[in-house]
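File shown: my_file_1.csv. Contents: CSV, C-alpha atoms and all ligand atoms.
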```csv
chain,number,residue,atom,x,y,z
G,1,MET,CA,-14.9,22.6,-13.9
G,2,THR,CA,-15.8,20.8,-17.1
G,3,GLY,CA,-17.5,17.5,-17.1
G,4,GLY,CA,-14.9,14.8,-17.6
G,5,ARG,CA,-15.3,11.9,-19.9
G,6,ALA,CA,-14.6,8.6,-18.1
G,7,THR,CA,-11.5,7.1,-19.8
G,8,ALA,CA,-9.6,5.8,-16.8
G,9,ARG,CA,-9.4,2.1,-16.2
G,10,THR,CA,-11.3,1.3,-13.0
G,11,LEU,CA,-9.3,-0.5,-10.4
G,12,ALA,CA,-12.1,-2.2,-8.5
G,13,GLY,CA,-11.4,-3.4,-5.0
G,14,PRO,CA,-13.5,-6.6,-4.8
G,15,PRO,CA,-11.5,-8.8,-7.3
G,16,ALA,CA,-8.2,-7.7,-5.8
G,17,ALA,CA,-9.6,-8.3,-2.3
G,18,ALA,CA,-10.8,-11.8,-3.3
G,19,ASP,CA,-7.3,-12.6,-4.6
G,20,LEU,CA,-5.8,-11.5,-1.3
G,21,LEU,CA,-8.3,-13.4,0.7
G,22,ALA,CA,-7.6,-16.5,-1.4
G,23,ARG,CA,-3.9,-16.2,-0.6
G,24,ALA,CA,-4.7,-15.7,3.1
G,25,ALA,CA,-6.9,-18.9,3.0
G,26,ALA,CA,-4.1,-20.9,1.3
G,27,LEU,CA,-1.6,-19.8,3.9
G,28,ALA,CA,-4.1,-20.6,6.7
G,29,ALA,CA,-4.5,-24.1,5.3
G,30,THR,CA,-0.8,-24.8,5.9
G,31,LEU,CA,-1.1,-24.2,9.6
G,32,PRO,CA,-1.9,-26.7,12.4
G,33,VAL,CA,-4.0,-24.0,14.2
G,34,THR,CA,-7.0,-21.9,13.3
G,35,PRO,CA,-5.8,-18.3,13.2
G,36,ALA,CA,-7.7,-16.3,15.8
G,37,ILE,CA,-8.2,-12.5,16.2
G,38,ALA,CA,-9.5,-10.6,19.2
G,39,PHE,CA,-11.2,-7.3,18.7
G,40,ILE,CA,-11.4,-4.7,21.4
G,41,ARG,CA,-14.0,-2.0,21.2
G,42,VAL,CA,-14.6,0.6,23.8
G,43,GLY,CA,-17.9,2.6,24.2
G,44,ASP,CA,-20.8,2.6,21.8
G,45,ASP,CA,-19.7,4.5,18.7
G,46,PRO,CA,-22.0,3.1,16.0
G,47,ALA,CA,-19.3,3.4,13.3
G,48,SER,CA,-16.8,1.4,15.4
G,49,GLU,CA,-19.5,-1.2,16.2
G,50,SER,CA,-20.2,-1.6,12.5
G,51,TYR,CA,-16.5,-1.8,11.5
G,52,VAL,CA,-15.8,-4.5,14.1
G,53,ARG,CA,-19.0,-6.4,13.0
G,54,GLY,CA,-17.8,-6.3,9.4
G,55,LYS,CA,-14.3,-7.5,10.2
G,56,ALA,CA,-15.6,-10.3,12.5
G,57,LYS,CA,-18.0,-11.4,9.7
G,58,LYS,CA,-15.1,-11.5,7.1
G,59,ALA,CA,-13.0,-13.6,9.6
G,60,ALA,CA,-15.8,-16.1,10.0
G,61,GLU,CA,-16.3,-16.3,6.2
G,62,LEU,CA,-12.6,-17.2,5.9
G,63,GLY,CA,-12.8,-19.8,8.7
G,64,LEU,CA,-10.8,-17.8,11.2
G,65,ASP,CA,-11.7,-17.6,14.8
G,66,SER,CA,-12.6,-14.2,16.2
G,67,ARG,CA,-14.0,-12.8,19.4
G,68,VAL,CA,-15.1,-9.3,20.3
G,69,HIS,CA,-14.4,-7.7,23.6
G,70,ALA,CA,-16.9,-4.8,23.9
G,71,LEU,CA,-15.9,-2.6,26.9
G,72,PRO,CA,-18.1,0.1,28.5
G,73,ALA,CA,-17.4,3.7,27.6
G,74,ASP,CA,-16.1,4.4,31.1
G,75,THR,CA,-13.4,1.8,30.9
G,76,THR,CA,-10.1,3.0,32.5
G,77,GLN,CA,-6.7,3.0,30.8
G,78,ALA,CA,-5.6,0.4,33.4
G,79,ASP,CA,-8.5,-1.9,32.6
G,80,LEU,CA,-7.8,-1.6,28.9
G,81,HIS,CA,-4.1,-2.4,29.3
G,82,ALA,CA,-5.1,-5.4,31.5
G,83,LEU,CA,-7.3,-6.9,28.8
G,84,ILE,CA,-4.6,-6.4,26.2
G,85,GLY,CA,-2.1,-8.1,28.6
G,86,THR,CA,-4.4,-11.0,29.0
G,87,LEU,CA,-4.8,-11.4,25.2
G,88,ASN,CA,-1.1,-11.0,24.7
G,89,ALA,CA,-0.5,-13.9,27.0
G,90,ASP,CA,-3.2,-16.1,25.5
G,91,PRO,CA,-1.6,-18.6,23.0
G,92,GLY,CA,-5.0,-19.1,21.4
G,93,VAL,CA,-5.1,-15.5,20.2
G,94,HIS,CA,-2.8,-14.6,17.3
G,95,GLY,CA,-4.0,-11.1,16.6
G,96,VAL,CA,-5.2,-8.2,18.8
G,97,LEU,CA,-7.0,-5.3,17.2
G,98,LEU,CA,-7.9,-2.2,19.1
G,99,GLN,CA,-10.7,-0.4,17.2
G,100,LEU,CA,-10.1,3.3,17.1
G,101,PRO,CA,-11.2,5.9,17.9
G,102,LEU,CA,-11.3,5.4,21.6
G,103,PRO,CA,-13.4,7.6,24.0
G,104,GLY,CA,-11.6,10.9,24.7
G,105,HIS,CA,-10.3,10.0,28.2
G,106,LEU,CA,-8.3,7.1,26.9
G,107,ASN,CA,-4.8,7.3,25.3
G,108,ALA,CA,-4.8,5.3,22.1
G,109,ASP,CA,-1.1,5.5,21.5
G,110,ALA,CA,-0.3,4.1,25.0
G,111,ALA,CA,-2.8,1.3,24.5
G,112,LEU,CA,-1.5,0.4,21.0
G,113,THR,CA,2.0,0.2,22.5
G,114,CYS,CA,0.8,-2.5,25.0
G,115,ILE,CA,-0.1,-4.9,22.2
G,116,ASP,CA,2.5,-7.6,21.7
G,117,PRO,CA,4.1,-6.6,18.3
G,118,ARG,CA,3.8,-10.2,17.2
G,119,LYS,CA,0.0,-9.9,17.5
G,120,ASP,CA,-0.1,-6.3,16.1
G,121,VAL,CA,-2.4,-7.2,13.1
G,122,ASP,CA,-3.3,-3.5,12.6
G,123,GLY,CA,0.5,-2.8,12.2
G,124,LEU,CA,0.3,0.4,14.3
G,125,HIS,CA,2.7,-0.5,17.1
G,126,PRO,CA,5.9,1.6,17.0
G,127,VAL,CA,7.9,-1.6,16.6
G,128,SER,CA,5.9,-2.5,13.5
G,129,ALA,CA,6.4,1.1,12.2
G,130,GLY,CA,10.2,0.8,12.9
G,131,LEU,CA,10.5,-2.5,11.1
G,132,LEU,CA,8.6,-1.1,8.1
G,133,TRP,CA,11.0,2.0,7.9
G,134,GLN,CA,14.0,-0.3,8.3
G,135,GLY,CA,12.7,-2.4,5.4
G,136,GLN,CA,12.5,-5.4,7.6
G,137,PRO,CA,9.7,-8.0,7.7
G,138,GLY,CA,6.8,-7.3,10.0
G,139,LEU,CA,3.1,-6.7,10.2
G,140,ARG,CA,2.1,-3.7,8.0
G,141,PRO,CA,-0.9,-1.3,8.5
G,142,CYS,CA,-3.9,-2.7,6.7
G,143,THR,CA,-4.9,0.1,4.4
G,144,PRO,CA,-1.5,0.9,3.1
G,145,ALA,CA,-0.6,-2.8,2.6
G,146,GLY,CA,-4.0,-3.2,1.0
G,147,VAL,CA,-3.1,-0.4,-1.5
G,148,MET,CA,0.1,-2.2,-2.4
G,149,ALA,CA,-1.8,-5.5,-2.9
G,150,LEU,CA,-4.3,-3.6,-5.2
G,151,LEU,CA,-1.4,-2.2,-7.2
G,152,ASP,CA,0.1,-5.6,-7.4
G,153,HIS,CA,-3.2,-7.3,-8.5
G,154,TYR,CA,-3.6,-4.8,-11.4
G,155,ARG,CA,0.1,-5.0,-12.3
G,156,ILE,CA,0.6,-1.3,-11.8
G,157,PRO,CA,4.3,-0.6,-11.9
G,158,VAL,CA,5.8,0.9,-8.7
G,159,ALA,CA,9.6,0.5,-9.0
G,160,GLY,CA,11.1,3.6,-10.5
G,161,GLN,CA,7.8,5.5,-10.5
G,162,HIS,CA,7.2,8.8,-8.8
G,163,ALA,CA,4.6,8.3,-6.1
G,164,VAL,CA,2.9,11.3,-4.5
G,165,ILE,CA,0.9,10.7,-1.3
G,166,VAL,CA,-1.5,13.3,-0.1
G,167,GLY,CA,-1.7,12.8,3.7
G,168,ARG,CA,0.8,11.9,6.4
G,169,SER,CA,-1.2,10.1,9.1
G,170,ALA,CA,0.3,7.2,11.1
G,171,LEU,CA,-2.6,5.1,9.8
G,172,VAL,CA,-2.3,5.7,6.0
G,173,GLY,CA,0.1,8.3,4.6
G,174,ARG,CA,3.3,7.6,6.6
G,175,PRO,CA,3.3,3.8,6.4
G,176,LEU,CA,2.4,4.0,2.7
G,177,ALA,CA,5.4,6.1,2.1
G,178,GLY,CA,7.5,3.4,3.7
G,179,LEU,CA,5.9,0.6,1.7
G,180,LEU,CA,6.3,2.5,-1.6
G,181,LEU,CA,10.0,3.3,-0.8
G,182,ASN,CA,10.6,-0.4,0.0
G,183,ALA,CA,9.1,-1.1,-3.4
G,184,ASP,CA,11.6,1.2,-5.1
G,185,ALA,CA,9.3,4.1,-5.8
G,186,THR,CA,10.5,7.7,-5.5
G,187,VAL,CA,8.2,9.1,-2.9
G,188,THR,CA,6.8,12.6,-2.1
G,189,VAL,CA,4.5,13.1,0.8
G,190,ALA,CA,2.2,16.2,0.8
G,191,HIS,CA,0.1,17.6,3.6
G,192,ARG,CA,-1.7,20.8,4.6
G,193,ALA,CA,1.5,22.9,4.8
G,194,THR,CA,2.5,21.9,1.2
G,195,PRO,CA,2.2,25.1,-0.9
G,196,ASP,CA,0.6,24.6,-4.3
G,197,LEU,CA,-0.6,21.1,-3.9
G,198,GLY,CA,-1.5,20.8,-7.6
G,199,ALA,CA,2.1,21.5,-8.6
G,200,VAL,CA,3.2,18.5,-6.5
G,201,THR,CA,0.4,16.1,-7.4
G,202,ARG,CA,0.9,16.8,-11.2
G,203,ARG,CA,4.3,15.3,-10.9
G,204,ALA,CA,3.0,11.9,-9.9
G,205,ASP,CA,3.0,8.8,-12.0
G,206,LEU,CA,1.2,7.3,-9.0
G,207,LEU,CA,-1.0,9.6,-7.0
G,208,ILE,CA,-2.4,8.3,-3.7
G,209,VAL,CA,-4.8,10.5,-1.8
G,210,ALA,CA,-5.6,10.0,1.9
G,211,ALA,CA,-6.7,13.4,3.1
G,212,GLY,CA,-10.3,13.0,4.2
G,213,GLN,CA,-11.4,16.0,2.0
G,214,ALA,CA,-14.2,15.3,-0.5
G,215,HIS,CA,-13.1,16.0,-4.0
G,216,LEU,CA,-9.8,17.7,-3.0
G,217,ILE,CA,-8.1,16.4,-6.2
G,218,THR,CA,-9.5,17.9,-9.3
G,219,PRO,CA,-8.6,17.0,-12.9
G,220,ASP,CA,-6.2,19.9,-13.3
G,221,MET,CA,-4.1,18.4,-10.4
G,222,VAL,CA,-3.5,15.1,-12.2
G,223,ARG,CA,-0.9,14.3,-14.9
G,224,PRO,CA,-2.7,12.7,-17.9
G,225,GLY,CA,-2.4,8.9,-17.7
G,226,ALA,CA,-1.4,8.8,-14.0
G,227,THR,CA,-2.7,6.0,-11.7
G,228,VAL,CA,-4.8,7.6,-9.0
G,229,ILE,CA,-5.7,5.7,-5.8
G,230,ASP,CA,-8.4,7.3,-3.7
G,231,VAL,CA,-8.2,6.2,-0.1
G,232,GLY,CA,-10.6,8.9,1.2
G,233,ILE,CA,-14.0,8.0,2.5
G,234,ASN,CA,-16.2,11.1,3.1
G,235,ARG,CA,-19.9,11.1,4.1
G,236,VAL,CA,-21.8,13.6,2.0
G,237,PRO,CA,-25.2,14.6,3.4
G,238,GLY,CA,-28.1,13.8,1.0
G,239,GLN,CA,-30.0,16.8,-0.5
G,240,ASP,CA,-33.8,17.1,-0.3
G,241,GLY,CA,-34.2,14.2,2.0
G,242,ALA,CA,-32.0,11.9,0.0
G,243,ARG,CA,-29.7,9.5,2.1
G,244,ALA,CA,-26.1,10.4,2.8
G,245,SER,CA,-23.7,9.0,0.4
G,246,LEU,CA,-19.9,8.2,0.4
G,247,THR,CA,-17.5,9.9,-1.8
G,248,GLY,CA,-13.7,9.9,-2.1
G,249,ASP,CA,-11.0,12.6,-2.0
G,250,VAL,CA,-10.8,12.6,-5.8
G,251,HIS,CA,-13.3,14.4,-8.0
G,252,PRO,CA,-15.1,12.0,-10.4
G,253,ASP,CA,-14.0,14.2,-13.4
G,254,VAL,CA,-10.4,12.9,-12.7
G,255,ALA,CA,-11.6,9.8,-14.6
G,256,GLY,CA,-11.3,11.9,-17.7
G,257,VAL,CA,-7.6,12.5,-17.2
G,258,ALA,CA,-6.1,9.6,-15.2
G,259,GLY,CA,-5.0,6.3,-16.7
G,260,ALA,CA,-6.4,4.3,-13.9
G,261,LEU,CA,-8.6,5.2,-10.9
G,262,THR,CA,-10.1,3.4,-7.8
G,263,PRO,CA,-13.8,4.0,-7.2
G,264,VAL,CA,-15.2,5.0,-3.8
G,265,PRO,CA,-16.9,3.0,-2.5
G,266,GLY,CA,-15.6,-0.3,-3.8
G,267,GLY,CA,-11.9,0.5,-4.2
G,268,VAL,CA,-9.4,0.6,-1.3
G,269,GLY,CA,-12.1,-0.2,1.3
G,270,PRO,CA,-12.4,-3.9,0.6
G,271,MET,CA,-8.6,-4.2,0.5
G,272,THR,CA,-8.3,-3.0,4.1
G,273,VAL,CA,-10.4,-5.8,5.6
G,274,ALA,CA,-8.8,-8.4,3.3
G,275,GLN,CA,-5.3,-7.3,4.4
G,276,LEU,CA,-6.4,-7.6,8.1
G,277,MET,CA,-7.3,-11.2,7.4
G,278,MET,CA,-3.9,-11.8,5.7
G,279,ASN,CA,-2.1,-10.1,8.7
G,280,THR,CA,-4.0,-12.4,11.1
G,281,VAL,CA,-3.0,-15.5,9.2
G,282,GLN,CA,0.6,-14.3,8.9
G,283,ALA,CA,0.7,-13.5,12.6
G,284,ALA,CA,-0.5,-17.1,13.4
G,285,ALA,CA,2.1,-18.5,11.0
G,286,GLN,CA,4.8,-16.5,12.7
G,287,GLN,CA,3.6,-17.8,16.1
G,288,THR,CA,3.6,-21.4,14.9
G,289,PRO,CA,7.0,-23.2,14.8
G,290,ALA,CA,8.0,-24.1,11.2
G,291,ASP,CA,8.1,-27.9,12.0
G,292,ARG,CA,4.4,-27.8,13.0
G,293,ARG,CA,3.2,-26.4,9.6
G,294,ASN,CA,1.8,-28.6,6.8
W,301,LIG,P1,-6.2,12.0,9.0
W,301,LIG,O1,-7.2,13.1,9.2
W,301,LIG,O2,-5.5,11.4,10.1
W,301,LIG,O3,-5.0,12.6,8.0
W,301,LIG,C1,-5.3,13.3,6.9
W,301,LIG,C2,-4.0,13.8,6.3
W,301,LIG,O4,-4.4,14.5,5.1
W,301,LIG,C3,-3.2,14.7,7.1
W,301,LIG,O5,-1.8,14.4,7.0
W,301,LIG,C4,-3.5,16.1,6.5
W,301,LIG,O6,-2.4,17.0,6.6
W,301,LIG,C5,-3.7,15.7,5.1
W,301,LIG,N1,-4.6,16.7,4.5
W,301,LIG,C6,-5.9,17.0,4.8
W,301,LIG,N2,-6.4,18.0,4.1
W,301,LIG,C7,-5.4,18.3,3.2
W,301,LIG,C8,-5.3,19.3,2.2
W,301,LIG,N3,-6.3,20.1,1.9
W,301,LIG,N4,-4.2,19.4,1.5
W,301,LIG,C9,-3.1,18.6,1.8
W,301,LIG,N5,-3.2,17.6,2.8
W,301,LIG,C10,-4.3,17.5,3.5
W,301,LIG,O7,-6.9,10.9,8.1
W,301,LIG,P2,-6.5,9.4,7.8
W,301,LIG,O8,-5.2,9.3,7.2
W,301,LIG,O9,-6.9,8.6,9.0
W,301,LIG,O10,-7.6,9.0,6.7
W,301,LIG,C11,-7.6,9.8,5.4
W,301,LIG,C12,-8.8,9.4,4.7
W,301,LIG,O11,-8.8,8.0,4.4
W,301,LIG,C13,-10.1,9.6,5.4
W,301,LIG,O12,-11.1,10.0,4.5
W,301,LIG,C14,-10.5,8.2,5.9
W,301,LIG,O13,-11.9,8.0,6.1
W,301,LIG,C15,-10.0,7.4,4.8
W,301,LIG,N6,-9.6,6.0,5.2
W,301,LIG,C16,-10.0,5.0,4.4
W,301,LIG,C17,-9.7,3.7,4.7
W,301,LIG,C18,-10.2,2.6,3.8
W,301,LIG,O14,-10.2,1.5,4.2
W,301,LIG,N7,-10.5,3.0,2.6
W,301,LIG,C19,-9.0,3.4,6.0
W,301,LIG,C20,-8.5,4.5,6.7
W,301,LIG,C21,-8.8,5.8,6.3
W,301,LIG,P3,-1.8,17.5,8.0
W,301,LIG,O15,-1.0,16.3,8.6
W,301,LIG,O16,-0.9,18.7,7.6
W,301,LIG,O17,-2.9,17.9,8.9
```
Please re-express this file's structure in structure tokens.
Ligand code: NDP
Amino acid sequence: MTGGRATARTLAGPPAAADLLARAAALAATLPVTPAIAFIRVGDDPASESYVRGKAKKAAELGLDSRVHALPADTTQADLHALIGTLNADPGVHGVLLQLPLPGHLNADAALTCIDPRKDVDGLHPVSAGLLWQGQPGLRPCTPAGVMALLDHYRIPVAGQHAVIVGRSALVGRPLAGLLLNADATVTVAHRATPDLGAVTRRADLLIVAAGQAHLITPDMVRPGATVIDVGINRVPGQDGARASLTGDVHPDVAGVAGALTPVPGGVGPMTVAQLMMNTVQAAAQQTPADRRN
């Protein structure tokens, strides 16, 4: 691999996230209620704790209400469903977010399906997924919707472009395919069984990588001038006692080939949290009769 010269435009997340948060605040200001989100966390996974803390802090900064339900690691499926049912029935809660992953004895899909789709601010309920694939309005998963907001902020064209997504998870790749299709892109989704990944990614005007494999995408896999969105977050152990660092799925040398590129960290990450805030405000708006809005 040769060292790439950085020529790509940097698509930084924070300004685009600030824009999205400002739009969420403006929508919240039209409502007669304070949008409220309930977080459910099970067990004591430090990463989950930190994610929920970060999301609750962002909600507070925006003036939204939030509460955290921290359940013990031995919580039963029935207890989890009972809490979700209580939150579904509470008119003071507009959004319910179940932080994943759950401890191994719990079924995440079954629990997600218990959330009232109107309160599904993570957009992972099968009803939300169905609405997305039918091109109907609904709550969208935060990371894919955040990617779309980032593209919009930087005026990156989507309609008529060939978008290639690497990754097909229910969290990122699949919903992103639906969103890009709804935005009139021609969409290809690649995964581990895709032969000759580079031949596919080189066809992309817009390459979005959500594989969870550090530096999977190298410069030879990118068409010169393409826009590259790096969703991946990989923890790389520090060498010689240095602290661990975060890196994306895209090799830094891709900056020498791509037309535009998101950094990691500081790219898609801030968009995810900002989109969650927007989803919470939109859920509150949907649950507020039109004649009660300002
Ligand atoms: P998953 O592990 O659920 O899915 C990864 C997908 O990538 C799978 O579809 C897998 O294919 C595919 N894949 C993995 N390796 C390869 C490869 N070598 N070639 C082709 N395809 C490959 O991960 P997630 O979708 O949950 O997350 C993806 C990444 O995005 C992770 O790094 C995660 O940390 C990050 N992330 C970042 C967020 C943010 O806010 N920035 C939010 C959410 C996730 P197959 O289906 O065949 O196994």
Closest contacts (chain G/ligand LIG 301 (chain W), max 10 Å, all atoms listed in the file) as a Markdown table:
```
| residue | atom | partner | partner_atom | distance |
| --- | --- | --- | --- | --- |
| G:Gly13 | CA | W:LIG301 | N7 | 10.0 |
| G:Pro141 | CA | W:LIG301 | C19 | 9.7 |
| G:Cys142 | CA | W:LIG301 | O14 | 8.0 |
| G:Thr143 | CA | W:LIG301 | O14 | 5.5 |
| G:Pro144 | CA | W:LIG301 | C19 | 8.4 |
| G:Gly146 | CA | W:LIG301 | O14 | 8.4 |
| G:Val147 | CA | W:LIG301 | N7 | 9.1 |
| G:Ile165 | CA | W:LIG301 | N5 | 9.0 |
| G:Val166 | CA | W:LIG301 | N5 | 5.5 |
| G:Gly167 | CA | W:LIG301 | O4 | 3.5 |
| G:Arg168 | CA | W:LIG301 | O5 | 3.7 |
| G:Ser169 | CA | W:LIG301 | O8 | 4.5 |
| G:Ala170 | CA | W:LIG301 | O8 | 7.1 |
| G:Leu171 | CA | W:LIG301 | O8 | 5.6 |
| G:Val172 | CA | W:LIG301 | O8 | 4.8 |
| G:Gly173 | CA | W:LIG301 | O8 | 6.0 |
| G:Arg174 | CA | W:LIG301 | O5 | 8.5 |
| G:Val189 | CA | W:LIG301 | O5 | 8.9 |
| G:Ala190 | CA | W:LIG301 | C9 | 5.9 |
| G:His191 | CA | W:LIG301 | N5 | 3.4 |
| G:Arg192 | CA | W:LIG301 | O16 | 3.7 |
| G:Ala193 | CA | W:LIG301 | O16 | 5.6 |
| G:Thr194 | CA | W:LIG301 | C9 | 6.5 |
| G:Pro195 | CA | W:LIG301 | C9 | 8.8 |
| G:Asp196 | CA | W:LIG301 | N4 | 9.1 |
| G:Leu197 | CA | W:LIG301 | C9 | 6.7 |
| G:Gly198 | CA | W:LIG301 | N4 | 9.6 |
| G:Val209 | CA | W:LIG301 | C12 | 7.7 |
| G:Ala210 | CA | W:LIG301 | C11 | 4.0 |
| G:Ala211 | CA | W:LIG301 | O4 | 3.2 |
| G:Gly212 | CA | W:LIG301 | O12 | 3.1 |
| G:Gln213 | CA | W:LIG301 | N2 | 5.8 |
| G:Ala214 | CA | W:LIG301 | O12 | 7.9 |
| G:His215 | CA | W:LIG301 | N3 | 9.9 |
| G:Leu216 | CA | W:LIG301 | N3 | 6.5 |
| G:Ile217 | CA | W:LIG301 | N3 | 9.1 |
| G:Asp230 | CA | W:LIG301 | N7 | 7.9 |
| G:Val231 | CA | W:LIG301 | N7 | 4.8 |
| G:Gly232 | CA | W:LIG301 | O12 | 3.5 |
| G:Ile233 | CA | W:LIG301 | O12 | 4.1 |
| G:Asn234 | CA | W:LIG301 | O12 | 5.4 |
| G:Arg235 | CA | W:LIG301 | O13 | 8.8 |
| G:Leu246 | CA | W:LIG301 | O13 | 9.8 |
| G:Thr247 | CA | W:LIG301 | O12 | 9.0 |
| G:Gly248 | CA | W:LIG301 | O12 | 7.1 |
| G:Asp249 | CA | W:LIG301 | O12 | 7.0 |
| G:Val264 | CA | W:LIG301 | N7 | 8.2 |
| G:Pro265 | CA | W:LIG301 | N7 | 8.2 |
| G:Gly266 | CA | W:LIG301 | N7 | 8.8 |
| G:Gly267 | CA | W:LIG301 | N7 | 7.4 |
| G:Val268 | CA | W:LIG301 | N7 | 4.7 |
| G:Gly269 | CA | W:LIG301 | N7 | 3.8 |
| G:Pro270 | CA | W:LIG301 | O14 | 6.9 |
| G:Met271 | CA | W:LIG301 | O14 | 7.0 |
| G:Thr272 | CA | W:LIG301 | O14 | 4.9 |
| G:Val273 | CA | W:LIG301 | O14 | 7.4 |
```
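Using all atoms listed in the file, the smallest distance between any of G:Val228, G:Leu106, G:Leu180, G:Leu151 and G:Gly256 comes from G:Val228.
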Subject >> Residue neighbourhood stretch 127-138 of chain G, 10 Å, all atoms listed in the file, exclusion window fewer than 5 positions, as JSON, numbers by chain >> reply: {"G": [113, 116, 117, 118, 120, 121, 122, 170, 174, 175, 176, 177, 178, 179, 181, 182, 183, 279, 282, 283, 286]}
Original post:
If you measure from atom CA of G:Asp65 to atom CA of G:Leu150, what distance in Å do you get, rounded to one decimal?
Top reply: 25.5 Å
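You will find atom CA of G:Gly63 at 18.2 Å from atom CA of G:Pro91.
Residues in contact range of G:Arg67, defined as at most 9 Å between only C-alpha atoms, with sequence neighbours fewer than 5 positions away removed, read Ala36, Ile37, Ala38, Phe39, Ile40 and Ala56 of chain G.
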Write to file, as a short mmCIF file (atom, residue, chain, number, x, y, z; two decimals), in the coordinates of the input, the residues of the selection just made, with C-alpha atoms.
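Result went into again_0.cif, see below:
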```
data_model
loop_
_atom_site.label_atom_id
_atom_site.label_comp_id
_atom_site.auth_asym_id
_atom_site.auth_seq_id
_atom_site.Cartn_x
_atom_site.Cartn_y
_atom_site.Cartn_z
CA ALA G 36 -7.70 -16.30 15.80
CA ILE G 37 -8.20 -12.50 16.20
CA ALA G 38 -9.50 -10.60 19.20
CA PHE G 39 -11.20 -7.30 18.70
CA ILE G 40 -11.40 -4.70 21.40
CA ALA G 56 -15.60 -10.30 12.50
#
```
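Atom CA of G:Asn107 is positioned 14.0 Å from atom CA of G:Gly43.
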Subject >> Near-G:Gly160 list (10 Å; all atoms listed in the file; drop same-chain fewer than 5 positions) as a ChimeraX atom specification >> reply: /G:181,183-187,205
For G:Ala255, work out the shell of residues within 12 Å, counting all atoms listed in the file and skipping chain neighbours fewer than 6 positions away, then give it as a JSON list (two decimals) with C-alpha atoms, keeping the file's coordinate frame.
```
[["chain", "number", "residue", "atom", "x", "y", "z"],
["G", 3, "GLY", "CA", -17.50, 17.50, -17.10],
["G", 4, "GLY", "CA", -14.90, 14.80, -17.60],
["G", 5, "ARG", "CA", -15.30, 11.90, -19.90],
["G", 6, "ALA", "CA", -14.60, 8.60, -18.10],
["G", 7, "THR", "CA", -11.50, 7.10, -19.80],
["G", 8, "ALA", "CA", -9.60, 5.80, -16.80],
["G", 9, "ARG", "CA", -9.40, 2.10, -16.20],
["G", 10, "THR", "CA", -11.30, 1.30, -13.00],
["G", 11, "LEU", "CA", -9.30, -0.50, -10.40],
["G", 217, "ILE", "CA", -8.10, 16.40, -6.20],
["G", 218, "THR", "CA", -9.50, 17.90, -9.30],
["G", 219, "PRO", "CA", -8.60, 17.00, -12.90],
["G", 220, "ASP", "CA", -6.20, 19.90, -13.30],
["G", 222, "VAL", "CA", -3.50, 15.10, -12.20],
["G", 223, "ARG", "CA", -0.90, 14.30, -14.90],
["G", 224, "PRO", "CA", -2.70, 12.70, -17.90],
["G", 225, "GLY", "CA", -2.40, 8.90, -17.70],
["G", 226, "ALA", "CA", -1.40, 8.80, -14.00],
["G", 227, "THR", "CA", -2.70, 6.00, -11.70],
["G", 228, "VAL", "CA", -4.80, 7.60, -9.00],
["G", 229, "ILE", "CA", -5.70, 5.70, -5.80],
["G", 230, "ASP", "CA", -8.40, 7.30, -3.70],
["G", 261, "LEU", "CA", -8.60, 5.20, -10.90],
["G", 262, "THR", "CA", -10.10, 3.40, -7.80],
["G", 263, "PRO", "CA", -13.80, 4.00, -7.20]]
```
**OP:** Have a look at G:Ala242, G:Leu97, G:Ala82, G:Met277 and name the one nearest to G:Ala17; count only C-alpha atoms.
**Re:** G:Met277
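Distances here use only C-alpha atoms; by that measure, the residue among G:Arg41, G:His94, G:His153, G:Arg243 closest to G:Ala18 is G:His153.
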Subject >> Non-local contacts of stretch 76-79 of chain G (10 Å; only C-alpha atoms; under 5 positions in same chain excluded) as a PyMOL selection string >> reply: chain G and resi 71+84-85+105-108+110-111
